[in-house]
Amino acid sequence: MKQKITKYTSLLVLFALLSMTFVPTWVQAATTAVPGLSKIRVGLFVSGRDLTPSVALNAGTEMSVGYRTPAGNTEWFKTTGKFEIGLNQFFVQAGPYATQQLAAAAAAKIAIATGVVREKIIVEQMFRNSKQYVLQVGPFATQALAIAASPGFASALGVSATLLKVVGQQYWNTGSYPTAAEADAQLTSLQAVGLEAYKVYTETTTGPAIQVWLGPALDAAGLTAMQATALSALPTLQLTPIDATKAYLIEKTDVTAGTIAPVKRYFLNPNGSKASISSATNLSVAERYNRSYRGNFEITGYKDNLAVINELEFEQYLYSVVTSEMGGSFPLEALKAQAVAARTYAIAQGMKYGIAHITDTVYDQAYKGAGTEHALCVQAVKETTGEVMMSAGKIAVPYYSSNMGGYTADNSEVWKGSVTYIKSVASPDQIAETTKALWYRVVLPSGIIGYIRSDLVKDTGNKTAGGLAIYTAIGNATNVRSAPSTNDTLAPAIGKANIGDQLVVVEQRREWNAYSWVTAPMSGEQLQTLLNSKLVTKYASAITSLQVTKVGPSGRAVEVTANGKVIPVSYPDAYRSMLGGLWSTRFEVDNTASYTILGADGKTTTYPNNNQPLYALNAASPTTPKVIDTAFFAMNDNNTPRYMTIKPSFRFVGYGYGHGLGMSQWGAKDLADFMGYNYKQILGYYFQNITIDKGSM
């Protein structure tokens, strides 16, 4: 039977905590090496998680840009201000255009291929001493993909596909130059005779070099044609093939945002080259909300995509993780528990993403850079330096999430399998909702039913014939929402309340929070569409019944049935995404068309019942009942009103935020604040039979 979150559950949690007379003894592992980490590589963008076609980097001071080899980093150049880096893959090119505005208008007409990250880049070039602008759409990992996309872009522009060209990775090198100024002079001379050329920073067998390249061409035939054109214009030009095995950055002027503030955009050799960027101050990444980061960056191509790796001191990484995951308002002992858990989790991942240990999102651990660091969180990391959790001589994987909704999950309820040190335990999580605003579920005069915040209405002192309180708004055009939240995505406004409107209050609950939440209703047709978008075997008709048919030890759903058929998932926690992004699997389904009516003759009728209509008796004319064909309220067995419908609709009433395994962050706060637990006791409560040992740095 599913465990409901009630006052009895709260007593159970309290009893479980008060009855803990055994405090684990933490011992140092004597025979097993304890793992540690000195530096960590965090994938802000990496294949397998988030992707981006390019990044814009900046710093408050001068930045060093170079390339990385097994022997270390070698500098190409220094720069100040923002610059961009992407991969030198394949692009579909339109133009040239006489103005940036014409190129921008062309960019606006091109639809980006669905599901694939594409950029529309406007590059400023010099051609016979005049500026011109080309539009490049890409990147594409292969020549074939770019060629296949070209007709679609041409159609969007209303031109023949022959007017677009695919540009690739073939170039001629015109020579190396001691200084950037000398390379610029050569570049100007080539452009003056109508040749397309770019300044390039590259790696050679003798070290870094500045070269000027002609190109690009798509293939060998294009390369030969380019050579003939160049030698016709400049017969004495010395052309040599480029070394495509070496690291290089091709410099272009990007005016995508307009001609007022052009930026330098560098195109990196995608075939294993590693660009390194460092600064005396923190570096910021525009594509990560302009967050600033300690350490340095490595930019490279990995699995045909751009990878952006932040490499920094491991313990400094934790300063941000603890702040990002828990925040400086939590007590120190809870923060120390978080520090140990986060440190252990990161080490346990190994090189999870091939070239990065971990990513920066909640897929792994939230990491929002140096700008988020809180002094108390830094203190928590420093006071637990090197400490990790071990189980049976091996590094543990200490899962944690925001709020467990009263009980932590058993592993069988999340990803299946067995983890000996994780068991379902009561968790004091209700603290997350204590400061949240109270919301009323109300019925408007129009019949709309939704939620309104309690401070936006006042009690009229009147009641309905059924004893329900009548309120009115204290202002005009007050939003009534589909769920108790001001988040427009979670709870869009579905109506307005004005002064004088009679609002019948049928329910009250706290604003959507990590401990408790309720979703907006979905019709059977909407639920059918949602499920069919994710399932191979589709539902042929609207959903009329939705039930949690099996729960695990903590009351989380491990099997959900729709229209009498089990909704298949690869693991139980996947029901969260399957059902529209639920915050946890500790939920109940409110099927508004599922109810049992007790008749005057003592007989009951269970709905939905296609053969049995439902009638409402008019008190003034009891002999002329009215068929109910939409919705109604009735008092349930505990004398509270319940909203019911003739046509099925569904909402989820849930508890907790996250997968539910391991440590509850809100529970850790409660244990520290109200039970006086230190960080080792907190971890010992949520994880069984572990030790906390100090790893090597």
# chains A, B, ... in the order shown; residues from 1 in each chain; ligands from 1
>>> residues_around(residues="Gly258 (chain A)", least_positions_apart="4", cutoff="12 Å", atoms="only C-alpha atoms", output="list in words")
Thr99, Gln100, Gln101, Leu102, Ala103, Ala104, Ala105, Ile121, Ile122, Val123, Glu124, Tyr133, Thr253, Asp254, Pro262 and Val263 of chain A
>>> residues_around(residues="Thr478 (chain A)", least_positions_apart="3", cutoff="10 Å", atoms="only C-alpha atoms", output="VMD selection string")
chain A and resid 452 to 453 456 to 457 473 to 475 481 493 495 to 499
>>> write_last_selection(atoms="C-alpha atoms", output="PDB file, in the first residue's frame")
ATOM      1  CA  ILE A 452      -5.082  31.968  -6.400  1.00  0.00           C
ATOM      2  CA  ARG A 453      -2.582  33.111  -3.778  1.00  0.00           C
ATOM      3  CA  LEU A 456      -4.581  38.305  -3.059  1.00  0.00           C
ATOM      4  CA  VAL A 457      -8.060  37.519  -1.744  1.00  0.00           C
ATOM      5  CA  ALA A 473     -10.166  39.328  -4.884  1.00  0.00           C
ATOM      6  CA  ILE A 474      -8.648  42.452  -3.345  1.00  0.00           C
ATOM      7  CA  GLY A 475      -7.614  43.735  -6.770  1.00  0.00           C
ATOM      8  CA  ARG A 481      -3.591  29.671 -12.264  1.00  0.00           C
ATOM      9  CA  ALA A 493      -2.885  31.692 -15.877  1.00  0.00           C
ATOM     10  CA  GLY A 495      -8.546  33.119 -15.717  1.00  0.00           C
ATOM     11  CA  LYS A 496      -8.867  36.447 -13.899  1.00  0.00           C
ATOM     12  CA  ALA A 497     -10.559  37.405 -10.641  1.00  0.00           C
ATOM     13  CA  ASN A 498     -11.840  40.902  -9.910  1.00  0.00           C
ATOM     14  CA  ILE A 499     -13.100  42.768  -6.857  1.00  0.00           C
TER      15      ILE A 499
END
>>> residues_around(residues="Ala593 (chain A)", least_positions_apart="4", cutoff="9 Å", atoms="only C-alpha atoms", output="ChimeraX atom specification")
/A:544-545,607-608,631,644-650
>>> closest_residue(among="A:Thr592, A:Gly152, A:Ala217, A:Leu249", to="Gly524 (chain A)", atoms="only C-alpha atoms")
A:Thr592
>>> select_by_dssp(residues="region 298-354 of chain A", states="helix (DSSP H, G or I)", output="MDAnalysis selection string")
chainID A and resid 314:325 332:348
>>> residues_around(residues="Gly676 (chain A)", least_positions_apart="2", cutoff="12 Å", atoms="only C-alpha atoms", output="ChimeraX atom specification")
/A:17-18,331-334,668-674,678-682
>>> residues_around(residues="Asn305 (chain A)", least_positions_apart="4", cutoff="12 Å", atoms="only C-alpha atoms", output="MDAnalysis selection string")
chainID A and resid 45:54 86:89 116:118 138:142 268:272 299:301
>>> write_last_selection(atoms="C-alpha atoms", output="CSV table (one decimal), in the first residue's frame")
chain,number,residue,atom,x,y,z
A,45,PHE,CA,29.7,21.3,-23.3
A,46,VAL,CA,30.5,17.7,-24.3
A,47,SER,CA,29.0,14.9,-26.4
A,48,GLY,CA,26.6,12.9,-24.2
A,49,ARG,CA,25.2,16.1,-22.6
A,50,ASP,CA,24.9,19.7,-23.7
A,51,LEU,CA,26.2,20.8,-27.1
A,52,THR,CA,27.0,24.2,-28.6
A,53,PRO,CA,28.5,25.0,-32.0
A,54,SER,CA,30.8,27.7,-30.6
A,86,GLY,CA,34.2,26.9,-33.0
A,87,LEU,CA,35.2,23.9,-35.1
A,88,ASN,CA,36.5,24.3,-38.7
A,89,GLN,CA,34.0,21.7,-40.1
A,116,VAL,CA,20.6,19.8,-34.9
A,117,VAL,CA,22.6,22.7,-33.5
A,118,ARG,CA,23.4,25.1,-36.4
A,138,GLY,CA,26.8,25.1,-40.0
A,139,PRO,CA,28.9,23.5,-38.8
A,140,PHE,CA,28.3,20.0,-40.4
A,141,ALA,CA,30.5,17.1,-39.3
A,142,THR,CA,30.9,15.8,-42.8
A,268,LEU,CA,39.8,25.1,-34.6
A,269,ASN,CA,41.1,22.1,-36.4
A,270,PRO,CA,38.4,19.5,-35.5
A,271,ASN,CA,40.7,16.5,-35.7
A,272,GLY,CA,42.0,16.2,-32.2
A,299,ILE,CA,38.5,23.6,-26.4
A,300,THR,CA,38.6,20.6,-28.7
A,301,GLY,CA,36.6,18.5,-31.1
>>> select_by_dssp(residues="region 479-675 of chain A", states="strand (DSSP E or B)", output="PyMOL selection string")
chain A and resi 479-481+493-497+503-510+516-518+522-523+546-551+557-562+565-566+587-591+595-598+604-607+615-618+621-627+631-635+641-645+649-655+657+663-664
>>> residues_around(residues="region 36-41 of chain A", least_positions_apart="2", cutoff="8 Å", atoms="only C-alpha atoms", output="PyMOL selection string")
chain A and resi 34+43+309-315+317+347+355-358+386+695-697
>>> write_last_selection(atoms="C-alpha atoms", output="mmCIF file, in the first residue's frame")
data_model
loop_
_atom_site.group_PDB
_atom_site.id
_atom_site.type_symbol
_atom_site.label_atom_id
_atom_site.label_comp_id
_atom_site.auth_asym_id
_atom_site.auth_seq_id
_atom_site.Cartn_x
_atom_site.Cartn_y
_atom_site.Cartn_z
ATOM 1 C CA VAL A 34 41.581 6.080 -0.518
ATOM 2 C CA GLY A 43 32.533 19.403 -19.399
ATOM 3 C CA ILE A 309 36.291 21.692 -20.752
ATOM 4 C CA ASN A 310 36.934 23.748 -17.609
ATOM 5 C CA GLU A 311 40.000 22.386 -15.805
ATOM 6 C CA LEU A 312 40.609 23.578 -12.259
ATOM 7 C CA GLU A 313 41.724 22.580 -8.784
ATOM 8 C CA PHE A 314 39.374 19.910 -7.491
ATOM 9 C CA GLU A 315 38.742 21.413 -4.063
ATOM 10 C CA TYR A 317 35.517 23.148 -7.953
ATOM 11 C CA ILE A 347 35.747 10.989 -7.827
ATOM 12 C CA ILE A 355 37.665 13.703 -21.967
ATOM 13 C CA ALA A 356 35.887 15.073 -18.872
ATOM 14 C CA HIS A 357 35.261 13.684 -15.407
ATOM 15 C CA ILE A 358 31.849 15.261 -15.042
ATOM 16 C CA GLY A 386 39.967 15.298 0.954
ATOM 17 C CA GLY A 695 41.902 10.672 0.219
ATOM 18 C CA SER A 696 45.156 11.764 -1.357
ATOM 19 C CA MET A 697 45.301 15.203 -2.951
#
>>> atom_distance(atom1="CA of Met675 (chain A)", atom2="CA of Ser427 (chain A)")
12.3 Å
>>> residues_around(residues="Val212 (chain A)", least_positions_apart="2", cutoff="12 Å", atoms="only C-alpha atoms", output="PyMOL selection string")
chain A and resi 171-191+195-202+209-210+214-216+237-242+248-252
>>> atom_distance(atom1="CA of Lys565 (chain A)", atom2="CA of Tyr539 (chain A)")
9.4 Å
>>> closest_residue(among="A:Val321, A:Val308, A:Ala228, A:Ala426", to="Val55 (chain A)", atoms="only C-alpha atoms")
A:Val308
>>> atom_distance(atom1="CA of Thr434 (chain A)", atom2="CA of Gly654 (chain A)")
16.4 Å
